[in-house]
Amino acid sequence: MIIGYHASHEQFPPSRLIELVKRAEKAGFNGILSSDHFHPWGKEQGHSGLAWSWLGAAMQATRLPFGVVSAPVQRYSPAIVAQGAATLAEMFPGRFWIAVGSGQLLNEGITGERWPTREERNLRLREAAGVMRELWSGRKVTHDGWVTVKEARLYDLPTEPPLMVGAALSPATAELVGEWADGLITTASSREALKDIIAAFRRGGGEGKPMFLKAQVSYARDEEAAVRGAWEQWRPAVMPHTVSTELRSPEEFDDAASFVTPDDMRDQVRISSDLEEHVRQIERDIELGFERIFLHNVARDQDEFIEDFGRRVLPPILRG
C-alpha cells in the first residue's frame with residue numbers, strides 16, 4: 001500500500017518542492033506524485049516549474065518511488081516523453097512510473113495548434129501511448145496519425161519499461177484507457193462517481209489492473225483555516241472537467257471561479273481539521289480498490305500537513 005505525497009508544481013517553486021518531498025519521506029509517506037504543467041490553474045498559485053527537470057533531482061534526494069502525470073501530446077512529442085521516462089527509469093530502476101492524459105488547453109495551447117475535440121484527444125492519447133511503448137521496446141518508430149513520429153529510436157533503455165497508467169476523470173475516458181493502459185489514475189470525487197469510473201475502467205479491459213487515486217485535501221489545525229486555504233488556492237481547479245480542459249489561461253480560470261464560494265470547495269476537496277476523518281476517507285478509498293493514494297494538500301501550509309499526517313494518519317493506514 002502506498003500513501004504518497006503530491007508535489008504541486010503549480011503552487012510551489014521547484015526548490016521548495018525538493019525540501020517538501022524530503023520532509024514527506026522522513027514523515028513516512030512512501031511515494032511521490034508530481035504534476036506537469038506549463039501554467040498554474042490560477043494566478044494566485046503563481047508557479048509552474050518544469051517537472052522533467054525536477055524529477056531527477058528529487059529522485060536523487062530521496063529513495064521513494066515517483067510518478068508524474070503528463071500529456072505526451074501537442075506540447076510534447078510522445079518520443080520526448082518516452083525518452084524522459086526511459087532515462088529516469090534507467091537511472092532509478094523500479095522507482096519511476098508515468099500517468100498519461102489527454103491534456104488541457106491551459107498547457108497544450110502554448111503551441112498555437114488547434115485544440116482537438118475530446119474524442120480526438122482520446123484517440124491522440126491512445127496513439128501516443130502506443131508510440132511510447134514501441135520506443136521502450138527498442139524499435140525504431142515511424143508513426144503518422146493523430147501524432148507523428150519519424151525514425152525515432154531510444155538508445156538508453158531501462159531493464160524494465162516504466163508502468164504507464166491512464167488518467168481519466170470520467171467513466172467514458174476510464175473505459176477507453178482500460179484497454180491500453182497498465183492501470184488507472186483518477187482524482188477524488190464522490191463515492192458514487194468513483195464507483196462509476198472504476199466500473200467503466202474494468203468494463204473497458206482494466207479488470208485486475210492497479211488503480212491509483214489523487215485525493216485533494218485541505219488540512220489545517222483550525223477548521224476555518226482549512227476552508228480558507230482550499231478556497232484561496234484551489235478554487236480555479238474545481239471546474240468540471242468539461243470546462244477545465246477548454247480554458248486557455250490562468251486568468252480565464254480565475255474568472256470562471258469568481259462565483260465559487262468557500263462552501264463550494266467541499267464538493268471537490270476533502271476539507272477537515274479532523275485527522276480521524278482523513279483516516280476514514282482514505283480507508284474508504286482502499287475499500288474501493290485503490291492501492292496507491294496520493295494526498296494533495298491544496299492549502300499553502302505544507303509543514304503542518306506533513307507533520308500531522310505523518311504522526312496521526314499514515315501509521316494506522318500503513319499498518320493495515
# chains A, B, ... in the order shown; residues from 1 in each chain; ligands from 1

$ residues_around --residues "Gly84 (chain A)" --least-positions-apart "3" --cutoff "10 Å" --atoms "only C-alpha atoms" --output "list in words"
Trp52, Ser53, Leu55, Gly56, Pro78, Ala79, Ile80, Val81, Thr87, Leu88, Ala89 and Glu90 of chain A

$ write_last_selection --atoms "N, CA and C atoms" --output "PDB file, in the first residue's frame"
ATOM      1  N   TRP A  52       9.973  17.680 -15.545  1.00  0.00           N
ATOM      2  CA  TRP A  52      11.001  16.766 -16.022  1.00  0.00           C
ATOM      3  C   TRP A  52      12.392  17.181 -15.583  1.00  0.00           C
ATOM      4  N   SER A  53      12.640  18.468 -15.408  1.00  0.00           N
ATOM      5  CA  SER A  53      13.925  18.908 -14.860  1.00  0.00           C
ATOM      6  C   SER A  53      14.030  18.565 -13.383  1.00  0.00           C
ATOM      7  N   LEU A  55      12.343  16.140 -11.618  1.00  0.00           N
ATOM      8  CA  LEU A  55      12.187  14.754 -11.190  1.00  0.00           C
ATOM      9  C   LEU A  55      13.519  14.066 -10.878  1.00  0.00           C
ATOM     10  N   GLY A  56      14.513  14.258 -11.720  1.00  0.00           N
ATOM     11  CA  GLY A  56      15.788  13.610 -11.474  1.00  0.00           C
ATOM     12  C   GLY A  56      16.418  14.063 -10.174  1.00  0.00           C
ATOM     13  N   PRO A  78       5.401  12.494 -28.163  1.00  0.00           N
ATOM     14  CA  PRO A  78       5.454  11.292 -27.328  1.00  0.00           C
ATOM     15  C   PRO A  78       6.849  10.670 -27.298  1.00  0.00           C
ATOM     16  N   ALA A  79       7.649  10.914 -28.339  1.00  0.00           N
ATOM     17  CA  ALA A  79       9.011  10.391 -28.334  1.00  0.00           C
ATOM     18  C   ALA A  79       9.856  11.043 -27.245  1.00  0.00           C
ATOM     19  N   ILE A  80       9.653  12.333 -27.013  1.00  0.00           N
ATOM     20  CA  ILE A  80      10.400  13.046 -25.965  1.00  0.00           C
ATOM     21  C   ILE A  80       9.965  12.575 -24.584  1.00  0.00           C
ATOM     22  N   VAL A  81       8.662  12.407 -24.380  1.00  0.00           N
ATOM     23  CA  VAL A  81       8.179  11.913 -23.090  1.00  0.00           C
ATOM     24  C   VAL A  81       8.681  10.489 -22.849  1.00  0.00           C
ATOM     25  N   THR A  87      14.817   7.497 -19.381  1.00  0.00           N
ATOM     26  CA  THR A  87      16.025   7.970 -18.701  1.00  0.00           C
ATOM     27  C   THR A  87      15.872   7.856 -17.189  1.00  0.00           C
ATOM     28  N   LEU A  88      14.740   8.305 -16.661  1.00  0.00           N
ATOM     29  CA  LEU A  88      14.514   8.213 -15.215  1.00  0.00           C
ATOM     30  C   LEU A  88      14.439   6.766 -14.759  1.00  0.00           C
ATOM     31  N   ALA A  89      13.777   5.923 -15.541  1.00  0.00           N
ATOM     32  CA  ALA A  89      13.652   4.513 -15.171  1.00  0.00           C
ATOM     33  C   ALA A  89      14.997   3.794 -15.235  1.00  0.00           C
ATOM     34  N   GLU A  90      15.888   4.223 -16.133  1.00  0.00           N
ATOM     35  CA  GLU A  90      17.221   3.625 -16.211  1.00  0.00           C
ATOM     36  C   GLU A  90      18.077   4.058 -15.020  1.00  0.00           C
TER      37      GLU A  90
END

$ residues_around --residues "region 295-300 of chain A" --least-positions-apart "4" --cutoff "10 Å" --atoms "only C-alpha atoms" --output "number ranges by chain"
A: 3-8, 11-12, 29, 32-33, 45, 188, 213-220, 225-235, 269-271, 282, 304-306, 309

$ write_last_selection --atoms "C-alpha atoms" --output "PDB file, in the first residue's frame"
ATOM      1  CA  ILE A   3       0.121   6.602   0.684  1.00  0.00           C
ATOM      2  CA  GLY A   4       2.053   9.237  -1.208  1.00  0.00           C
ATOM      3  CA  TYR A   5       2.644  12.954  -1.170  1.00  0.00           C
ATOM      4  CA  HIS A   6       1.670  15.074  -4.171  1.00  0.00           C
ATOM      5  CA  ALA A   7       4.245  17.643  -5.284  1.00  0.00           C
ATOM      6  CA  SER A   8       2.230  20.508  -6.781  1.00  0.00           C
ATOM      7  CA  GLN A  11       1.821  26.100  -6.083  1.00  0.00           C
ATOM      8  CA  PHE A  12       5.484  25.987  -5.092  1.00  0.00           C
ATOM      9  CA  PHE A  29       4.941   8.999   3.084  1.00  0.00           C
ATOM     10  CA  ILE A  32       5.531  10.847  -4.613  1.00  0.00           C
ATOM     11  CA  LEU A  33       3.294  12.080  -7.419  1.00  0.00           C
ATOM     12  CA  GLN A  45      -0.893  29.862  -7.247  1.00  0.00           C
ATOM     13  CA  ALA A 188     -11.073  12.065  -5.648  1.00  0.00           C
ATOM     14  CA  LEU A 213      -6.059   7.967  -6.722  1.00  0.00           C
ATOM     15  CA  LYS A 214      -5.001  11.579  -6.316  1.00  0.00           C
ATOM     16  CA  ALA A 215      -7.009  12.905  -3.371  1.00  0.00           C
ATOM     17  CA  GLN A 216      -7.289  16.663  -2.907  1.00  0.00           C
ATOM     18  CA  VAL A 217      -7.441  17.557   0.780  1.00  0.00           C
ATOM     19  CA  SER A 218      -7.219  20.797   2.709  1.00  0.00           C
ATOM     20  CA  TYR A 219      -5.904  20.306   6.202  1.00  0.00           C
ATOM     21  CA  ALA A 220      -5.142  22.832   8.916  1.00  0.00           C
ATOM     22  CA  ALA A 225      -8.120  27.883   8.152  1.00  0.00           C
ATOM     23  CA  ALA A 226      -8.639  24.599   6.259  1.00  0.00           C
ATOM     24  CA  VAL A 227     -11.657  26.039   4.430  1.00  0.00           C
ATOM     25  CA  ARG A 228      -9.879  29.302   3.682  1.00  0.00           C
ATOM     26  CA  GLY A 229      -6.757  27.525   2.441  1.00  0.00           C
ATOM     27  CA  ALA A 230      -8.752  25.424  -0.022  1.00  0.00           C
ATOM     28  CA  TRP A 231     -10.675  28.417  -1.354  1.00  0.00           C
ATOM     29  CA  GLU A 232      -7.672  30.726  -1.693  1.00  0.00           C
ATOM     30  CA  GLN A 233      -5.503  28.210  -3.544  1.00  0.00           C
ATOM     31  CA  TRP A 234      -7.658  25.674  -5.334  1.00  0.00           C
ATOM     32  CA  ARG A 235     -10.924  27.311  -6.399  1.00  0.00           C
ATOM     33  CA  VAL A 269     -11.732  18.915  -1.810  1.00  0.00           C
ATOM     34  CA  ARG A 270     -11.731  16.920   1.417  1.00  0.00           C
ATOM     35  CA  ILE A 271     -11.663  19.811   3.863  1.00  0.00           C
ATOM     36  CA  ILE A 282      -8.535   7.001   2.965  1.00  0.00           C
ATOM     37  CA  GLU A 304       1.707  21.126   9.434  1.00  0.00           C
ATOM     38  CA  PHE A 305       0.143  18.747   6.924  1.00  0.00           C
ATOM     39  CA  ILE A 306       3.277  16.612   6.540  1.00  0.00           C
ATOM     40  CA  PHE A 309      -0.383  13.242   8.733  1.00  0.00           C
TER      41      PHE A 309
END

$ closest_residue --among "A:Leu275, A:Val21, A:Val177, A:Ala152" --to "Asp222 (chain A)" --atoms "only C-alpha atoms"
A:Leu275

$ atom_distance --atom1 "CA of Ser273 (chain A)" --atom2 "CA of Glu223 (chain A)"
5.0 Å

$ atom_distance --atom1 "CA of Pro162 (chain A)" --atom2 "CA of Gly310 (chain A)"
28.1 Å

$ atom_distance --atom1 "CA of Thr117 (chain A)" --atom2 "CA of Val73 (chain A)"
13.6 Å

$ closest_residue --among "A:Met1, A:Met265, A:Ala27, A:Ala167" --to "Ile197 (chain A)" --atoms "only C-alpha atoms"
A:Ala167

$ select_by_dssp --residues "region 61-281 of chain A" --states "helix (DSSP H, G or I)" --output "JSON, numbers by chain"
{"A": [61, 78, 79, 80, 81, 82, 83, 84, 85, 86, 87, 88, 89, 90, 91, 105, 106, 107, 108, 109, 110, 111, 118, 119, 120, 121, 122, 123, 124, 125, 126, 127, 128, 129, 130, 131, 132, 133, 134, 135, 136, 171, 172, 173, 174, 175, 176, 177, 178, 179, 180, 191, 192, 193, 194, 195, 196, 197, 198, 199, 200, 201, 202, 203, 204, 205, 206, 223, 224, 225, 226, 227, 228, 229, 230, 231, 232, 233, 234, 235, 236, 237, 238, 241, 242, 243, 244, 250, 251, 252, 253, 254, 255, 256, 263, 264, 265, 266, 267, 275, 276, 277, 278, 279, 280, 281]}

$ closest_residue --among "A:Ala85, A:Leu169, A:Ala57, A:Ala181" --to "Leu125 (chain A)" --atoms "only C-alpha atoms"
A:Ala181

$ closest_residue --among "A:Glu25, A:Asp264, A:Asp156, A:Glu246" --to "Leu105 (chain A)" --atoms "only C-alpha atoms"
A:Glu246

$ residues_around --residues "Leu176 (chain A)" --least-positions-apart "2" --cutoff "10 Å" --atoms "only C-alpha atoms" --output "list in words"
Asn122, Leu123, Arg126, Gly166, Ala168, Pro171, Ala172, Thr173, Ala174, Gly178, Glu179, Trp180, Ala181, Ala200, Phe201, Arg202, Arg203, Gly204, Gly205 and Gly206 of chain A

$ write_last_selection --atoms "N, CA and C atoms" --output "PDB file, in the first residue's frame"
ATOM      1  N   ASN A 122      -8.722  11.806 -27.069  1.00  0.00           N
ATOM      2  CA  ASN A 122      -8.591  10.433 -26.580  1.00  0.00           C
ATOM      3  C   ASN A 122      -7.917   9.525 -27.604  1.00  0.00           C
ATOM      4  N   LEU A 123      -8.252   9.709 -28.878  1.00  0.00           N
ATOM      5  CA  LEU A 123      -7.589   8.930 -29.927  1.00  0.00           C
ATOM      6  C   LEU A 123      -6.103   9.281 -30.005  1.00  0.00           C
ATOM      7  N   ARG A 126      -4.211   7.635 -27.115  1.00  0.00           N
ATOM      8  CA  ARG A 126      -4.001   6.196 -27.312  1.00  0.00           C
ATOM      9  C   ARG A 126      -2.843   5.964 -28.278  1.00  0.00           C
ATOM     10  N   GLY A 166      -3.233   5.218 -17.256  1.00  0.00           N
ATOM     11  CA  GLY A 166      -4.026   6.204 -17.972  1.00  0.00           C
ATOM     12  C   GLY A 166      -4.797   7.090 -17.009  1.00  0.00           C
ATOM     13  N   ALA A 168      -7.909   9.427 -16.102  1.00  0.00           N
ATOM     14  CA  ALA A 168      -9.302   9.559 -16.525  1.00  0.00           C
ATOM     15  C   ALA A 168     -10.102  10.265 -15.443  1.00  0.00           C
ATOM     16  N   PRO A 171     -16.241   8.397 -16.626  1.00  0.00           N
ATOM     17  CA  PRO A 171     -16.399   6.986 -16.988  1.00  0.00           C
ATOM     18  C   PRO A 171     -16.077   6.707 -18.457  1.00  0.00           C
ATOM     19  N   ALA A 172     -16.447   7.618 -19.342  1.00  0.00           N
ATOM     20  CA  ALA A 172     -16.196   7.392 -20.768  1.00  0.00           C
ATOM     21  C   ALA A 172     -14.704   7.252 -21.045  1.00  0.00           C
ATOM     22  N   THR A 173     -13.895   8.146 -20.470  1.00  0.00           N
ATOM     23  CA  THR A 173     -12.450   8.064 -20.672  1.00  0.00           C
ATOM     24  C   THR A 173     -11.866   6.856 -19.953  1.00  0.00           C
ATOM     25  N   ALA A 174     -12.367   6.560 -18.754  1.00  0.00           N
ATOM     26  CA  ALA A 174     -11.864   5.410 -17.999  1.00  0.00           C
ATOM     27  C   ALA A 174     -12.070   4.115 -18.768  1.00  0.00           C
ATOM     28  N   GLY A 178      -8.980   1.638 -20.096  1.00  0.00           N
ATOM     29  CA  GLY A 178      -8.945   0.262 -19.610  1.00  0.00           C
ATOM     30  C   GLY A 178      -8.332  -0.700 -20.601  1.00  0.00           C
ATOM     31  N   GLU A 179      -8.453  -0.391 -21.894  1.00  0.00           N
ATOM     32  CA  GLU A 179      -7.946  -1.285 -22.930  1.00  0.00           C
ATOM     33  C   GLU A 179      -6.438  -1.234 -23.063  1.00  0.00           C
ATOM     34  N   TRP A 180      -5.851  -0.001 -23.053  1.00  0.00           N
ATOM     35  CA  TRP A 180      -4.435   0.105 -23.416  1.00  0.00           C
ATOM     36  C   TRP A 180      -3.486   0.450 -22.265  1.00  0.00           C
ATOM     37  N   ALA A 181      -4.014   0.907 -21.140  1.00  0.00           N
ATOM     38  CA  ALA A 181      -3.137   1.338 -20.045  1.00  0.00           C
ATOM     39  C   ALA A 181      -2.807   0.182 -19.109  1.00  0.00           C
ATOM     40  N   ALA A 200     -16.374   1.479 -15.202  1.00  0.00           N
ATOM     41  CA  ALA A 200     -16.097   1.713 -16.619  1.00  0.00           C
ATOM     42  C   ALA A 200     -14.690   1.249 -16.985  1.00  0.00           C
ATOM     43  N   PHE A 201     -13.729   1.513 -16.128  1.00  0.00           N
ATOM     44  CA  PHE A 201     -12.351   1.084 -16.376  1.00  0.00           C
ATOM     45  C   PHE A 201     -12.283  -0.441 -16.484  1.00  0.00           C
ATOM     46  N   ARG A 202     -12.915  -1.112 -15.558  1.00  0.00           N
ATOM     47  CA  ARG A 202     -12.899  -2.577 -15.591  1.00  0.00           C
ATOM     48  C   ARG A 202     -13.641  -3.114 -16.807  1.00  0.00           C
ATOM     49  N   ARG A 203     -14.741  -2.474 -17.144  1.00  0.00           N
ATOM     50  CA  ARG A 203     -15.519  -2.892 -18.318  1.00  0.00           C
ATOM     51  C   ARG A 203     -14.710  -2.758 -19.607  1.00  0.00           C
ATOM     52  N   GLY A 204     -13.851  -1.731 -19.660  1.00  0.00           N
ATOM     53  CA  GLY A 204     -13.065  -1.492 -20.861  1.00  0.00           C
ATOM     54  C   GLY A 204     -11.845  -2.377 -21.007  1.00  0.00           C
ATOM     55  N   GLY A 205     -11.556  -3.177 -19.979  1.00  0.00           N
ATOM     56  CA  GLY A 205     -10.393  -4.061 -20.043  1.00  0.00           C
ATOM     57  C   GLY A 205      -9.452  -3.910 -18.871  1.00  0.00           C
ATOM     58  N   GLY A 206      -9.855  -3.123 -17.869  1.00  0.00           N
ATOM     59  CA  GLY A 206      -8.978  -2.858 -16.739  1.00  0.00           C
ATOM     60  C   GLY A 206      -9.097  -3.815 -15.575  1.00  0.00           C
TER      61      GLY A 206
END

$ closest_residue --among "A:Leu17, A:Ile110, A:Met91, A:Leu154" --to "Tyr76 (chain A)" --atoms "only C-alpha atoms"
A:Ile110

$ select_by_dssp --residues "region 59-287 of chain A" --states "strand (DSSP E or B)" --output "PyMOL selection string"
chain A and resi 66-70+96-100+141-144+148-152+163-167+184-187+211-218+270-271

$ decode --residues "region 59-84 of chain A" --atoms "C-alpha atoms" --output "PDB file, in the first residue's frame"
ATOM      1  CA  MET A  59      14.557  11.200  -7.002  1.00  0.00           C
ATOM      2  CA  GLN A  60      18.258  11.558  -6.239  1.00  0.00           C
ATOM      3  CA  ALA A  61      17.380  13.379  -2.994  1.00  0.00           C
ATOM      4  CA  THR A  62      15.081  10.580  -1.766  1.00  0.00           C
ATOM      5  CA  ARG A  63      14.627   6.826  -2.014  1.00  0.00           C
ATOM      6  CA  LEU A  64      10.911   6.874  -2.847  1.00  0.00           C
ATOM      7  CA  PRO A  65       9.067   5.739  -5.996  1.00  0.00           C
ATOM      8  CA  PHE A  66       7.921   8.677  -8.128  1.00  0.00           C
ATOM      9  CA  GLY A  67       5.207   9.179 -10.703  1.00  0.00           C
ATOM     10  CA  VAL A  68       4.276  12.079 -12.935  1.00  0.00           C
ATOM     11  CA  VAL A  69       1.022  12.937 -14.691  1.00  0.00           C
ATOM     12  CA  SER A  70       1.915  14.193 -18.177  1.00  0.00           C
ATOM     13  CA  ALA A  71       0.254  14.716 -21.551  1.00  0.00           C
ATOM     14  CA  PRO A  72       2.545  13.237 -24.260  1.00  0.00           C
ATOM     15  CA  VAL A  73       0.798  15.231 -26.983  1.00  0.00           C
ATOM     16  CA  GLN A  74       0.953  18.686 -28.609  1.00  0.00           C
ATOM     17  CA  ARG A  75       3.211  20.393 -26.037  1.00  0.00           C
ATOM     18  CA  TYR A  76       5.482  17.364 -26.161  1.00  0.00           C
ATOM     19  CA  SER A  77       6.204  14.738 -28.766  1.00  0.00           C
ATOM     20  CA  PRO A  78       5.454  11.292 -27.328  1.00  0.00           C
ATOM     21  CA  ALA A  79       9.011  10.391 -28.334  1.00  0.00           C
ATOM     22  CA  ILE A  80      10.400  13.046 -25.965  1.00  0.00           C
ATOM     23  CA  VAL A  81       8.179  11.913 -23.090  1.00  0.00           C
ATOM     24  CA  ALA A  82       9.195   8.298 -23.761  1.00  0.00           C
ATOM     25  CA  GLN A  83      12.854   9.354 -23.701  1.00  0.00           C
ATOM     26  CA  GLY A  84      12.437  11.271 -20.431  1.00  0.00           C
TER      27      GLY A  84
END
